[in-house]
>>> print(open('model-v3.cif').read())   # mmCIF, C-alpha atoms
data_protein
#
loop_
_atom_site.group_PDB
_atom_site.id
_atom_site.type_symbol
_atom_site.label_atom_id
_atom_site.label_comp_id
_atom_site.auth_asym_id
_atom_site.auth_seq_id
_atom_site.Cartn_x
_atom_site.Cartn_y
_atom_site.Cartn_z
ATOM 1 C CA GLN A 1 30.022 -16.750 -1.515
ATOM 2 C CA GLU A 2 30.065 -16.988 -5.334
ATOM 3 C CA ALA A 3 31.528 -20.498 -5.174
ATOM 4 C CA LYS A 4 28.835 -21.553 -2.708
ATOM 5 C CA GLN A 5 26.093 -20.205 -4.982
ATOM 6 C CA TRP A 6 27.626 -21.879 -8.053
ATOM 7 C CA SER A 7 27.902 -25.183 -6.184
ATOM 8 C CA GLY A 8 24.251 -25.030 -5.100
ATOM 9 C CA LEU A 9 23.024 -24.216 -8.613
ATOM 10 C CA PHE A 10 25.142 -27.008 -10.048
ATOM 11 C CA GLU A 11 23.680 -29.520 -7.597
ATOM 12 C CA GLU A 12 20.126 -28.394 -8.368
ATOM 13 C CA SER A 13 20.810 -28.618 -12.117
ATOM 14 C CA PHE A 14 22.590 -31.983 -12.194
ATOM 15 C CA GLY A 15 21.575 -33.809 -9.006
ATOM 16 C CA TYR A 16 25.073 -34.217 -7.600
ATOM 17 C CA LYS A 17 27.492 -31.868 -5.928
ATOM 18 C CA ILE A 18 30.770 -30.138 -6.727
ATOM 19 C CA SER A 19 31.828 -28.554 -3.453
ATOM 20 C CA ALA A 20 32.305 -24.806 -3.088
ATOM 21 C CA ALA A 21 35.796 -25.526 -1.709
ATOM 22 C CA LEU A 22 36.732 -27.291 -4.948
ATOM 23 C CA VAL A 23 35.302 -24.451 -7.044
ATOM 24 C CA ASP A 24 37.385 -21.983 -5.019
ATOM 25 C CA LYS A 25 40.492 -24.105 -5.490
ATOM 26 C CA LEU A 26 40.030 -24.462 -9.266
ATOM 27 C CA LYS A 27 38.918 -20.921 -10.148
ATOM 28 C CA GLN A 28 42.493 -19.885 -10.981
ATOM 29 C CA ASP A 29 42.502 -22.308 -13.935
ATOM 30 C CA ILE A 30 38.822 -22.727 -14.790
ATOM 31 C CA HIS A 31 36.258 -20.018 -15.489
ATOM 32 C CA PHE A 32 33.049 -20.671 -13.557
ATOM 33 C CA TYR A 33 29.913 -18.848 -14.702
ATOM 34 C CA THR A 34 26.585 -18.396 -12.946
ATOM 35 C CA LEU A 35 23.763 -18.117 -15.470
ATOM 36 C CA LEU A 36 21.061 -15.540 -14.812
ATOM 37 C CA HIS A 37 17.484 -15.217 -16.015
ATOM 38 C CA ASP A 38 15.661 -11.941 -15.341
ATOM 39 C CA GLY A 39 18.376 -11.175 -12.775
ATOM 40 C CA ASP A 40 17.874 -14.425 -10.858
ATOM 41 C CA PRO A 41 20.449 -17.246 -10.642
ATOM 42 C CA ALA A 42 19.380 -19.934 -13.102
ATOM 43 C CA GLY A 43 22.298 -22.286 -13.782
ATOM 44 C CA THR A 44 25.989 -22.927 -14.253
ATOM 45 C CA ALA A 45 28.715 -23.275 -16.863
ATOM 46 C CA MET A 46 32.477 -23.771 -16.928
ATOM 47 C CA LEU A 47 35.113 -22.924 -19.529
ATOM 48 C CA PHE A 48 38.720 -24.037 -19.513
ATOM 49 C CA GLY A 49 41.344 -24.430 -22.160
ATOM 50 C CA THR A 50 44.283 -26.519 -23.240
ATOM 51 C CA GLY A 51 46.305 -25.138 -26.107
ATOM 52 C CA LYS A 52 43.877 -23.989 -28.789
ATOM 53 C CA THR A 53 40.999 -26.143 -27.480
ATOM 54 C CA ALA A 54 38.344 -24.794 -25.122
ATOM 55 C CA GLY A 55 36.274 -27.164 -23.042
ATOM 56 C CA PHE A 56 32.718 -26.274 -22.066
ATOM 57 C CA HIS A 57 31.406 -28.220 -19.103
ATOM 58 C CA SER A 58 28.667 -28.151 -16.502
ATOM 59 C CA LEU A 59 26.229 -26.141 -18.595
ATOM 60 C CA GLY A 60 23.108 -26.752 -16.588
ATOM 61 C CA VAL A 61 19.888 -24.925 -15.846
ATOM 62 C CA ILE A 62 17.850 -25.486 -12.696
ATOM 63 C CA PRO A 63 14.529 -27.256 -13.367
ATOM 64 C CA SER A 64 12.331 -24.226 -12.623
ATOM 65 C CA LYS A 65 14.149 -22.164 -15.290
ATOM 66 C CA ARG A 66 14.367 -24.720 -18.105
ATOM 67 C CA LYS A 67 12.786 -24.219 -21.534
ATOM 68 C CA LYS A 68 13.348 -20.447 -21.467
ATOM 69 C CA GLY A 69 16.346 -20.271 -23.849
ATOM 70 C CA ILE A 70 18.885 -19.838 -21.044
ATOM 71 C CA ALA A 71 21.205 -22.648 -22.140
ATOM 72 C CA ASN A 72 21.117 -21.487 -25.763
ATOM 73 C CA ALA A 73 21.958 -17.910 -24.747
ATOM 74 C CA ALA A 74 24.725 -19.162 -22.460
ATOM 75 C CA MET A 75 26.224 -21.210 -25.298
ATOM 76 C CA GLY A 76 26.275 -18.145 -27.537
ATOM 77 C CA ALA A 77 28.080 -16.157 -24.851
ATOM 78 C CA LEU A 78 30.530 -19.006 -24.165
ATOM 79 C CA LEU A 79 31.350 -19.349 -27.858
ATOM 80 C CA ILE A 80 32.090 -15.620 -28.063
ATOM 81 C CA GLU A 81 34.213 -15.856 -24.902
ATOM 82 C CA ALA A 82 36.192 -18.790 -26.327
ATOM 83 C CA LYS A 83 36.838 -16.877 -29.540
ATOM 84 C CA LEU A 84 37.948 -13.767 -27.629
ATOM 85 C CA ARG A 85 40.354 -15.931 -25.608
ATOM 86 C CA GLY A 86 41.914 -17.184 -28.847
ATOM 87 C CA PHE A 87 40.646 -20.762 -28.868
ATOM 88 C CA GLY A 88 40.271 -22.440 -32.253
ATOM 89 C CA GLU A 89 37.880 -25.232 -31.309
ATOM 90 C CA VAL A 90 35.487 -26.210 -28.552
ATOM 91 C CA THR A 91 34.762 -29.614 -27.056
ATOM 92 C CA LEU A 92 31.992 -30.672 -24.691
ATOM 93 C CA GLN A 93 30.041 -33.632 -23.408
ATOM 94 C CA ALA A 94 26.346 -33.559 -24.242
ATOM 95 C CA SER A 95 23.427 -35.046 -22.402
ATOM 96 C CA GLU A 96 20.578 -36.458 -24.485
ATOM 97 C CA MET A 97 18.505 -33.447 -23.389
ATOM 98 C CA ALA A 98 21.052 -30.908 -24.698
ATOM 99 C CA LEU A 99 22.273 -32.760 -27.800
ATOM 100 C CA PRO A 100 19.733 -31.184 -30.221
ATOM 101 C CA MET A 101 20.741 -27.682 -29.083
ATOM 102 C CA TYR A 102 24.446 -28.387 -29.586
ATOM 103 C CA LYS A 103 23.790 -29.809 -33.040
ATOM 104 C CA ARG A 104 21.720 -26.708 -33.979
ATOM 105 C CA LEU A 105 24.713 -24.582 -32.940
ATOM 106 C CA GLY A 106 27.001 -26.536 -35.281
ATOM 107 C CA PHE A 107 28.629 -29.069 -32.966
ATOM 108 C CA LYS A 108 29.366 -32.436 -34.565
ATOM 109 C CA GLU A 109 29.036 -35.700 -32.655
ATOM 110 C CA GLN A 110 32.328 -37.630 -32.622
ATOM 111 C CA PHE A 111 31.583 -40.516 -30.271
ATOM 112 C CA LYS A 112 29.362 -41.638 -27.401
ATOM 113 C CA MET A 113 30.623 -42.069 -23.862
ATOM 114 C CA LEU A 114 29.383 -44.719 -21.501
ATOM 115 C CA ASN A 115 29.363 -44.178 -17.753
ATOM 116 C CA TYR A 116 29.338 -46.648 -14.902
ATOM 117 C CA GLN A 117 27.858 -45.671 -11.548
ATOM 118 C CA ILE A 118 29.786 -47.340 -8.718
ATOM 119 C CA ASN A 119 27.638 -46.263 -5.775
ATOM 120 C CA LYS A 120 23.981 -46.569 -6.664
ATOM 121 C CA LYS A 121 21.547 -44.819 -4.339
#
>>> encode(input="model-v3.cif", output="structure tokens")
Amino acid sequence: QEAKQWSGLFEESFGYKISAALVDKLKQDIHFYTLLHDGDPAGTAMLFGTGKTAGFHSLGVIPSKRKKGIANAAMGALLIEAKLRGFGEVTLQASEMALPMYKRLGFKEQFKMLNYQINKK
């Protein structure tokens, strides 16, 4: 049930789907978080690690809950979690919308990624 909820929130936040079955399969190696706002589901985040590097991914907030500080609060909690797990650095991919927040938190831009969409709708 948690994987299904996470999958639905992810799709609403990003506009594409990661299946609940895949979330269930990966939850042994990746930490999936459901973000809450006033007790209601509001978004998603993932944390995984390799060596001393934590990766933050899929930090997204559903449109109806944006601009309420949810992503910023989630980043603070994820940074604490990464530190408690013994990671020495954090990497992530930033959308243009989230880039100012990450920079305010102290992240430094290293390079830009380009994406190619194979199947256009």
>>> residues_around(input="model-v3.cif", residues="Arg104 (chain A)", least_positions_apart="6", cutoff="12 Å", atoms="all atoms listed in the file", output="PyMOL selection string")
chain A and resi 72+75-76+98
>>> residues_around(input="model-v3.cif", residues="region 14-16 of chain A", least_positions_apart="6", cutoff="10 Å", atoms="only C-alpha atoms", output="compact mmCIF listing (two decimals) with C-alpha atoms, in the frame of the given file")
# COMPACT_ATOMS: atom_id res chain seq x y z
CA SER A 7 27.90 -25.18 -6.18
CA GLY A 8 24.25 -25.03 -5.10
CA GLY A 43 22.30 -22.29 -13.78
CA THR A 44 25.99 -22.93 -14.25
CA SER A 58 28.67 -28.15 -16.50
CA LEU A 59 26.23 -26.14 -18.60
CA GLY A 60 23.11 -26.75 -16.59
CA VAL A 61 19.89 -24.92 -15.85
CA ILE A 62 17.85 -25.49 -12.70
CA PRO A 63 14.53 -27.26 -13.37
>>> resolve_selection(input="model-v3.cif", expression="the PyMOL selection byres ((chain A and resi 99-101) around 12)", output="list in words")
Leu59, Lys67, Gly69, Ile70, Ala71, Asn72, Ala73, Ala74, Met75, Gly76, Leu92, Gln93, Ala94, Ser95, Glu96, Met97, Ala98, Tyr102, Lys103, Arg104, Leu105, Gly106, Phe107, Lys108, Glu109 and Lys112 of chain A
>>> residues_around(input="model-v3.cif", residues="Phe56 (chain A)", least_positions_apart="4", cutoff="7 Å", atoms="all atoms listed in the file", output="list in words")
Met46, Leu47, Phe48, Thr91 and Leu92 of chain A
>>> resolve_selection(input="model-v3.cif", expression="the PyMOL selection byres ((chain A and resi 31) around 12)", output="ChimeraX atom specification")
/A:3,6,23-30,32-34,44-49,54-58,78,81-82,85
>>> axis_aligned_box(input="model-v3.cif", around="region 107-110 of chain A", padding_each_side="6 Å", output="lines of an AutoDock Vina configuration file")
center_x = 30.5
center_y = -33.3
center_z = -33.6
size_x = 15.7
size_y = 20.6
size_z = 13.9
>>> closest_residue(input="model-v3.cif", among="A:Gln1, A:Asn115, A:Thr53, A:Ser13", to="Gly86 (chain A)", atoms="only C-alpha atoms")
A:Thr53
>>> closest_residue(input="model-v3.cif", among="A:Ile80, A:Ile118, A:Leu36, A:Met113", to="Lys65 (chain A)", atoms="all atoms listed in the file")
A:Leu36
>>> atom_distance(input="model-v3.cif", atom1="CA of Glu89 (chain A)", atom2="CA of Gln110 (chain A)")
13.6 Å
>>> closest_residue(input="model-v3.cif", among="A:Ile18, A:Val90, A:Ala42, A:Leu9", to="Lys68 (chain A)", atoms="all atoms listed in the file")
A:Ala42
>>> atom_distance(input="model-v3.cif", atom1="CA of Glu12 (chain A)", atom2="CA of Tyr116 (chain A)")
21.5 Å
>>> atom_distance(input="model-v3.cif", atom1="CA of Leu35 (chain A)", atom2="CA of Ser19 (chain A)")
17.8 Å
>>> closest_residue(input="model-v3.cif", among="A:Arg66, A:Lys52, A:Lys4, A:Lys120", to="Lys83 (chain A)", atoms="all atoms listed in the file")
A:Lys52
>>> decode(input="model-v3.cif", residues="region 81-97 of chain A", atoms="N, CA, C and O atoms", output="JSON list (two decimals), in the first residue's frame")
[["chain", "number", "residue", "atom", "x", "y", "z"],
["A", 81, "GLU", "N", 19.42, 12.90, 7.78],
["A", 81, "GLU", "CA", 19.40, 11.44, 7.61],
["A", 81, "GLU", "C", 20.70, 10.95, 6.97],
["A", 81, "GLU", "O", 21.28, 9.96, 7.41],
["A", 82, "ALA", "N", 21.18, 11.65, 5.96],
["A", 82, "ALA", "CA", 22.43, 11.26, 5.30],
["A", 82, "ALA", "C", 23.60, 11.33, 6.28],
["A", 82, "ALA", "O", 24.45, 10.43, 6.31],
["A", 83, "LYS", "N", 23.63, 12.38, 7.07],
["A", 83, "LYS", "CA", 24.70, 12.52, 8.06],
["A", 83, "LYS", "C", 24.63, 11.40, 9.09],
["A", 83, "LYS", "O", 25.66, 10.79, 9.43],
["A", 84, "LEU", "N", 23.43, 11.10, 9.59],
["A", 84, "LEU", "CA", 23.27, 10.02, 10.57],
["A", 84, "LEU", "C", 23.68, 8.66, 10.00],
["A", 84, "LEU", "O", 24.16, 7.80, 10.73],
["A", 85, "ARG", "N", 23.51, 8.47, 8.70],
["A", 85, "ARG", "CA", 23.89, 7.22, 8.05],
["A", 85, "ARG", "C", 25.38, 7.18, 7.70],
["A", 85, "ARG", "O", 25.86, 6.21, 7.15],
["A", 86, "GLY", "N", 26.11, 8.24, 8.01],
["A", 86, "GLY", "CA", 27.55, 8.26, 7.83],
["A", 86, "GLY", "C", 28.04, 8.69, 6.47],
["A", 86, "GLY", "O", 29.23, 8.51, 6.16],
["A", 87, "PHE", "N", 27.19, 9.29, 5.66],
["A", 87, "PHE", "CA", 27.63, 9.75, 4.34],
["A", 87, "PHE", "C", 28.43, 11.05, 4.48],
["A", 87, "PHE", "O", 28.14, 11.87, 5.35],
["A", 88, "GLY", "N", 29.40, 11.23, 3.62],
["A", 88, "GLY", "CA", 30.25, 12.41, 3.66],
["A", 88, "GLY", "C", 29.88, 13.47, 2.64],
["A", 88, "GLY", "O", 30.30, 14.62, 2.76],
["A", 89, "GLU", "N", 29.14, 13.08, 1.61],
["A", 89, "GLU", "CA", 28.70, 14.04, 0.60],
["A", 89, "GLU", "C", 27.38, 13.58, 0.01],
["A", 89, "GLU", "O", 26.98, 12.43, 0.17],
["A", 90, "VAL", "N", 26.71, 14.52, -0.63],
["A", 90, "VAL", "CA", 25.41, 14.26, -1.23],
["A", 90, "VAL", "C", 25.43, 14.74, -2.67],
["A", 90, "VAL", "O", 25.94, 15.83, -2.96],
["A", 91, "THR", "N", 24.87, 13.94, -3.56],
["A", 91, "THR", "CA", 24.69, 14.36, -4.95],
["A", 91, "THR", "C", 23.21, 14.34, -5.29],
["A", 91, "THR", "O", 22.43, 13.61, -4.67],
["A", 92, "LEU", "N", 22.83, 15.12, -6.29],
["A", 92, "LEU", "CA", 21.45, 15.13, -6.77],
["A", 92, "LEU", "C", 21.40, 15.74, -8.15],
["A", 92, "LEU", "O", 22.38, 16.34, -8.61],
["A", 93, "GLN", "N", 20.27, 15.56, -8.81],
["A", 93, "GLN", "CA", 19.99, 16.23, -10.07],
["A", 93, "GLN", "C", 18.92, 17.26, -9.77],
["A", 93, "GLN", "O", 17.93, 16.96, -9.11],
["A", 94, "ALA", "N", 19.12, 18.47, -10.27],
["A", 94, "ALA", "CA", 18.19, 19.56, -9.95],
["A", 94, "ALA", "C", 17.43, 20.01, -11.19],
["A", 94, "ALA", "O", 18.02, 20.23, -12.24],
["A", 95, "SER", "N", 16.14, 20.19, -11.01],
["A", 95, "SER", "CA", 15.34, 20.83, -12.04],
["A", 95, "SER", "C", 15.60, 22.34, -11.95],
["A", 95, "SER", "O", 16.10, 22.85, -10.94],
["A", 96, "GLU", "N", 15.23, 23.06, -13.00],
["A", 96, "GLU", "CA", 15.36, 24.52, -12.96],
["A", 96, "GLU", "C", 14.52, 25.10, -11.82],
["A", 96, "GLU", "O", 14.92, 26.08, -11.18],
["A", 97, "MET", "N", 13.37, 24.49, -11.54],
["A", 97, "MET", "CA", 12.49, 24.98, -10.49],
["A", 97, "MET", "C", 13.16, 24.85, -9.11],
["A", 97, "MET", "O", 13.03, 25.74, -8.28]]
